[in-house]
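Note sheet for the following structure.
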Amino acid sequence: MSDKLQKILFQNANVRGGLVELSDAWTEMLSHQAYPTPVIRLLGEMTAAVALLSGSIKFNGSTVMQIHGDGPVRLLVVECSNTMQIRATAKLNDHIPVQETDTFSRLVNANGQGRCIITLDPHEKIPGQRPYQGIVSLDGRTVAEVIENYMKRSEQLDTRIWLAADTANAKGLMLQRMPAQLDEKGAAITDSKDDEDHWHHLVALASTLTANEMLATDIETLQHRLFWEEDMTAFDALHPVFHCSCSREKVGNMLKMLGHAEVNQALKEQGALTINCDYCGKSYTFDSIDCNALFSPTITSDPPSGTRH
Ligand SMILES: [Zn+2]
């Protein structure tokens, strides 16, 4: 269990945060897919960021971040559950090749049409409940900046994120300023000027970190190196793992949503349908008998009425 998410709290500064390092989970995610280096860097940064966000939210469900790109990358998706099961995938645009020197903007926001969607998807949905979803334009030159701007605009939270990724590691550090604690009269308990100074001090410390230093150093060492003089609490580490929640049933439901006519057409062309999971590479095959079963009426104990359910 080398992969770790370490949540931290600076009591006197009203600032919380976290550090994450993903090595086993990250290399396992990459083993199912082959991406050019700039895409690996981008997806790795996103993966570290989503782990940090998921760790900072008290919520029984999954945090999903999607970037819909308008350049060489069409889609990036990272999903992390509150139990730190994480998966990620990227879809490239066949018509626009990735260049080695591609920046974040070139990859996903070449024409300014890129979008970022953050979804909180509860595990146990109340009937009719829809997941919470925020959609923003890609306001920023990096994944970190997009999330920082998102948190500021939609959650009114000052957030700073530092991210780094290569083929072996995905790492991140997040600092987040919590809303001031109020006394019963509604006045801020802490001196807001002090809070402000503290926040800038912590951000200045973290800003000394370079991507190379981050990739080469374990998070305990980084945490100590940056914050050894600070009054800080580190909580028990969480251990993110790669896990894909795909199943034959979910793929079947997806085929049902496509509709009987479309599935029949595809069956006619291909004989059987094989769907590969983008996240874990598992393959699911549905022949005509499987497909017919999907679209036949469910057998229930209700008296036959001739209607389909
Ligand atoms: Zn899967």
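Ordering of the structure tokens sets the chain letters (A, B, ...); residue numbers start at 1 within each chain; ligands are numbered from 1 in the order shown.
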Env of segment 55-61 of chain A: 9 Å cut, atoms = only C-alpha atoms, seq-sep filter 6 positions within chain, self excluded. Answer as a short mmCIF file (atom, residue, chain, number, x, y, z; two decimals) with N, CA and C atoms, in the first residue's frame.
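Result file follows (part_37.cif):
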```
data_model
loop_
_atom_site.label_atom_id
_atom_site.label_comp_id
_atom_site.auth_asym_id
_atom_site.auth_seq_id
_atom_site.Cartn_x
_atom_site.Cartn_y
_atom_site.Cartn_z
N LEU A 5 -3.05 9.09 0.60
CA LEU A 5 -3.62 10.43 0.65
C LEU A 5 -3.54 10.88 2.10
N GLN A 6 -2.81 11.95 2.31
CA GLN A 6 -2.58 12.45 3.67
C GLN A 6 -3.32 13.77 3.84
N LYS A 7 -4.34 13.75 4.70
CA LYS A 7 -5.07 15.01 4.94
C LYS A 7 -4.38 15.76 6.08
N ARG A 16 -7.09 23.87 5.60
CA ARG A 16 -6.94 22.42 5.54
C ARG A 16 -6.30 22.07 4.20
N GLY A 17 -5.93 20.82 4.07
CA GLY A 17 -5.32 20.45 2.80
C GLY A 17 -5.03 18.97 2.74
N GLY A 18 -4.23 18.60 1.78
CA GLY A 18 -3.89 17.20 1.63
C GLY A 18 -2.74 17.03 0.66
N CYS A 80 -13.42 9.07 -8.46
CA CYS A 80 -12.87 8.57 -7.19
C CYS A 80 -14.00 8.47 -6.17
N SER A 81 -14.14 7.31 -5.53
CA SER A 81 -15.20 7.14 -4.54
C SER A 81 -14.70 7.64 -3.18
N ASN A 82 -15.63 7.80 -2.24
CA ASN A 82 -15.22 8.27 -0.91
C ASN A 82 -14.37 7.23 -0.20
N THR A 83 -14.37 5.97 -0.68
CA THR A 83 -13.48 4.95 -0.11
C THR A 83 -12.16 4.88 -0.88
N MET A 84 -11.93 5.88 -1.75
CA MET A 84 -10.65 6.03 -2.46
C MET A 84 -10.41 4.96 -3.51
N LEU A 120 -20.83 15.23 -8.26
CA LEU A 120 -20.86 14.45 -7.03
C LEU A 120 -22.01 13.46 -7.17
N ASP A 121 -21.67 12.19 -7.30
CA ASP A 121 -22.65 11.17 -7.60
C ASP A 121 -22.88 10.30 -6.37
N PRO A 122 -24.02 10.46 -5.68
CA PRO A 122 -24.22 9.68 -4.45
C PRO A 122 -24.35 8.18 -4.74
N HIS A 123 -23.82 7.35 -3.83
CA HIS A 123 -23.90 5.90 -4.05
C HIS A 123 -25.31 5.37 -3.89
N GLU A 124 -26.01 5.89 -2.88
CA GLU A 124 -27.39 5.43 -2.70
C GLU A 124 -28.31 6.58 -3.03
N LEU A 238 -5.07 7.78 4.08
CA LEU A 238 -5.99 6.93 3.32
C LEU A 238 -5.17 6.27 2.20
#
```
Just want the 9 Å neighbourhood of segment 280-296 of chain A, counted on only C-alpha atoms, with same-chain residues fewer than 4 positions away dropped. Output as a ChimeraX atom specification.
/A:28-29,31-33,87-89,243-244,246-248,251-253,255-256,259-260,263-264,267,271-276,308
> Got a sec to tell me which of segment 124-231 of chain A DSSP assigns to alpha helix (DSSP H), as a PyMOL selection string?
Replying inline: chain A and resi 143-155+192-206+211-216+219-227
Using only C-alpha atoms and all ligand atoms, pick whichever of A:Ala49, A:Cys277, A:Leu43, A:Met257 has the shortest atom-to-atom distance to ligand 1.
->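 Nearest candidate to ligand 1 out of A:Ala49, A:Cys277, A:Leu43, A:Met257: A:Cys277.
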Shell around Gly69 of chain A at 12 Å using only C-alpha atoms, local window under 4 positions removed, as an NGL selection string: :A and (39 or 73-77 or 90-93 or 96 or 104-117 or 137-138)
Take the residues that were just selected and, keeping N, CA and C atoms, output them as a PDB file, in the first residue's frame.
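Heads up, here's the output in result.pdb:
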```
ATOM      1  N   VAL A  39      -0.486  13.634 -22.670  1.00  0.00           N
ATOM      2  CA  VAL A  39      -1.796  13.186 -22.180  1.00  0.00           C
ATOM      3  C   VAL A  39      -1.629  12.451 -20.850  1.00  0.00           C
ATOM      4  N   VAL A  73      -7.355  16.118 -27.492  1.00  0.00           N
ATOM      5  CA  VAL A  73      -7.987  15.258 -26.485  1.00  0.00           C
ATOM      6  C   VAL A  73      -9.478  15.580 -26.425  1.00  0.00           C
ATOM      7  N   ARG A  74     -10.301  14.558 -26.672  1.00  0.00           N
ATOM      8  CA  ARG A  74     -11.760  14.763 -26.687  1.00  0.00           C
ATOM      9  C   ARG A  74     -12.353  14.726 -25.288  1.00  0.00           C
ATOM     10  N   LEU A  75     -11.806  13.778 -24.472  1.00  0.00           N
ATOM     11  CA  LEU A  75     -12.439  13.568 -23.168  1.00  0.00           C
ATOM     12  C   LEU A  75     -11.424  13.004 -22.180  1.00  0.00           C
ATOM     13  N   LEU A  76     -11.467  13.535 -20.972  1.00  0.00           N
ATOM     14  CA  LEU A  76     -10.697  12.970 -19.865  1.00  0.00           C
ATOM     15  C   LEU A  76     -11.691  12.754 -18.727  1.00  0.00           C
ATOM     16  N   VAL A  77     -11.656  11.585 -18.116  1.00  0.00           N
ATOM     17  CA  VAL A  77     -12.562  11.326 -16.996  1.00  0.00           C
ATOM     18  C   VAL A  77     -11.785  10.696 -15.850  1.00  0.00           C
ATOM     19  N   ALA A  90      -8.856   8.452 -20.906  1.00  0.00           N
ATOM     20  CA  ALA A  90      -8.806   9.573 -21.850  1.00  0.00           C
ATOM     21  C   ALA A  90      -9.202   9.083 -23.230  1.00  0.00           C
ATOM     22  N   LYS A  91      -9.888   9.941 -23.969  1.00  0.00           N
ATOM     23  CA  LYS A  91     -10.225   9.630 -25.365  1.00  0.00           C
ATOM     24  C   LYS A  91      -9.613  10.696 -26.256  1.00  0.00           C
ATOM     25  N   LEU A  92      -8.873  10.231 -27.253  1.00  0.00           N
ATOM     26  CA  LEU A  92      -8.190  11.181 -28.134  1.00  0.00           C
ATOM     27  C   LEU A  92      -9.011  11.434 -29.399  1.00  0.00           C
ATOM     28  N   ASN A  93      -8.754  12.573 -29.997  1.00  0.00           N
ATOM     29  CA  ASN A  93      -9.383  12.916 -31.265  1.00  0.00           C
ATOM     30  C   ASN A  93      -8.517  12.340 -32.394  1.00  0.00           C
ATOM     31  N   ILE A  96      -6.747  14.969 -34.827  1.00  0.00           N
ATOM     32  CA  ILE A  96      -5.772  15.994 -34.427  1.00  0.00           C
ATOM     33  C   ILE A  96      -4.679  15.325 -33.603  1.00  0.00           C
ATOM     34  N   PHE A 104      -1.585  22.316 -21.821  1.00  0.00           N
ATOM     35  CA  PHE A 104      -2.962  22.032 -21.403  1.00  0.00           C
ATOM     36  C   PHE A 104      -3.955  22.678 -22.365  1.00  0.00           C
ATOM     37  N   SER A 105      -3.752  23.974 -22.645  1.00  0.00           N
ATOM     38  CA  SER A 105      -4.698  24.697 -23.502  1.00  0.00           C
ATOM     39  C   SER A 105      -4.752  24.098 -24.903  1.00  0.00           C
ATOM     40  N   ARG A 106      -3.596  23.750 -25.463  1.00  0.00           N
ATOM     41  CA  ARG A 106      -3.552  23.187 -26.812  1.00  0.00           C
ATOM     42  C   ARG A 106      -4.265  21.822 -26.843  1.00  0.00           C
ATOM     43  N   LEU A 107      -4.099  21.051 -25.778  1.00  0.00           N
ATOM     44  CA  LEU A 107      -4.672  19.702 -25.749  1.00  0.00           C
ATOM     45  C   LEU A 107      -6.189  19.705 -25.652  1.00  0.00           C
ATOM     46  N   VAL A 108      -6.743  20.572 -24.795  1.00  0.00           N
ATOM     47  CA  VAL A 108      -8.186  20.470 -24.511  1.00  0.00           C
ATOM     48  C   VAL A 108      -8.980  21.753 -24.734  1.00  0.00           C
ATOM     49  N   ASN A 109      -8.283  22.856 -25.041  1.00  0.00           N
ATOM     50  CA  ASN A 109      -9.029  24.113 -25.171  1.00  0.00           C
ATOM     51  C   ASN A 109      -8.498  24.923 -26.360  1.00  0.00           C
ATOM     52  N   ALA A 110      -8.209  24.210 -27.445  1.00  0.00           N
ATOM     53  CA  ALA A 110      -7.574  24.844 -28.599  1.00  0.00           C
ATOM     54  C   ALA A 110      -8.426  25.981 -29.164  1.00  0.00           C
ATOM     55  N   ASN A 111      -9.760  25.813 -29.108  1.00  0.00           N
ATOM     56  CA  ASN A 111     -10.652  26.848 -29.658  1.00  0.00           C
ATOM     57  C   ASN A 111     -11.490  27.533 -28.582  1.00  0.00           C
ATOM     58  N   GLY A 112     -11.076  27.358 -27.342  1.00  0.00           N
ATOM     59  CA  GLY A 112     -11.814  27.998 -26.241  1.00  0.00           C
ATOM     60  C   GLY A 112     -13.168  27.372 -25.967  1.00  0.00           C
ATOM     61  N   GLN A 113     -13.390  26.145 -26.519  1.00  0.00           N
ATOM     62  CA  GLN A 113     -14.700  25.504 -26.329  1.00  0.00           C
ATOM     63  C   GLN A 113     -14.648  24.387 -25.289  1.00  0.00           C
ATOM     64  N   GLY A 114     -13.497  24.157 -24.673  1.00  0.00           N
ATOM     65  CA  GLY A 114     -13.357  23.077 -23.694  1.00  0.00           C
ATOM     66  C   GLY A 114     -14.229  23.326 -22.468  1.00  0.00           C
ATOM     67  N   ARG A 115     -14.671  22.241 -21.839  1.00  0.00           N
ATOM     68  CA  ARG A 115     -15.525  22.352 -20.658  1.00  0.00           C
ATOM     69  C   ARG A 115     -15.024  21.419 -19.562  1.00  0.00           C
ATOM     70  N   CYS A 116     -15.213  21.850 -18.324  1.00  0.00           N
ATOM     71  CA  CYS A 116     -14.899  20.998 -17.176  1.00  0.00           C
ATOM     72  C   CYS A 116     -16.197  20.744 -16.420  1.00  0.00           C
ATOM     73  N   ILE A 117     -16.445  19.487 -16.112  1.00  0.00           N
ATOM     74  CA  ILE A 117     -17.656  19.123 -15.371  1.00  0.00           C
ATOM     75  C   ILE A 117     -17.238  18.374 -14.116  1.00  0.00           C
ATOM     76  N   SER A 137     -16.369  26.662 -18.031  1.00  0.00           N
ATOM     77  CA  SER A 137     -15.429  26.693 -19.151  1.00  0.00           C
ATOM     78  C   SER A 137     -14.021  26.468 -18.593  1.00  0.00           C
ATOM     79  N   LEU A 138     -13.074  26.156 -19.449  1.00  0.00           N
ATOM     80  CA  LEU A 138     -11.718  25.847 -18.967  1.00  0.00           C
ATOM     81  C   LEU A 138     -10.960  27.151 -18.710  1.00  0.00           C
TER      82      LEU A 138
END
```
DSSP on the backbone, strand (DSSP E or B) only: what residues of segment 6-239 of chain A does that give? Format it as a PyMOL selection string. chain A and resi 6-10+15-22+61-68+73-81+85-92+115-122+132-137+159-165+170-177+182+188+232-234+238
Exercise for the section: Would you work out the distance separating atom CA of Met178 of chain A from atom CA of Thr47 of chain A, expressed in Å to one decimal? Expected result: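 Those two atoms sit 23.2 Å apart.
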In Å and to one decimal, atom CA of Ser54 of chain A is distant from atom CA of Asp197 of chain A by 27.3 Å
Name the residues in contact with Asp195 of chain A at a cut-off of 12 Å, using only C-alpha atoms, excluding same-chain residues fewer than 2 positions from it; report them as a list in words. Phe10, Gln11, Asn12, Ala13, Asn14, Val15, Arg177, Met178, Pro179, Ala180, Gln181, Ala188, Ile189, Thr190, Asp191, Ser192, Lys193, Asp197, His198, Trp199, His200, His201 and Leu202 of chain A
Selection above as a file: C-alpha atoms, as a short mmCIF file (atom, residue, chain, number, x, y, z; two decimals), in the first residue's frame:
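File again-v8.cif, as written:
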```
data_model
loop_
_atom_site.label_atom_id
_atom_site.label_comp_id
_atom_site.auth_asym_id
_atom_site.auth_seq_id
_atom_site.Cartn_x
_atom_site.Cartn_y
_atom_site.Cartn_z
CA PHE A 10 -3.33 23.97 10.09
CA GLN A 11 -5.29 24.78 13.24
CA ASN A 12 -4.21 28.35 13.74
CA ALA A 13 -4.58 29.29 10.11
CA ASN A 14 -8.04 27.86 9.41
CA VAL A 15 -6.54 26.06 6.45
CA ARG A 177 -8.92 28.11 3.22
CA MET A 178 -11.94 27.24 5.33
CA PRO A 179 -14.70 29.77 5.95
CA ALA A 180 -13.98 31.78 9.14
CA GLN A 181 -15.50 30.28 12.29
CA ALA A 188 -15.39 35.84 13.09
CA ILE A 189 -13.62 34.09 16.00
CA THR A 190 -10.19 34.38 14.46
CA ASP A 191 -8.66 37.64 13.38
CA SER A 192 -9.28 37.73 9.65
CA LYS A 193 -6.08 39.73 9.04
CA ASP A 197 -1.43 36.45 6.43
CA HIS A 198 -1.28 32.78 7.44
CA TRP A 199 -2.92 31.69 4.21
CA HIS A 200 -0.47 33.67 2.09
CA HIS A 201 2.44 32.32 4.15
CA LEU A 202 1.36 28.70 3.58
#
```
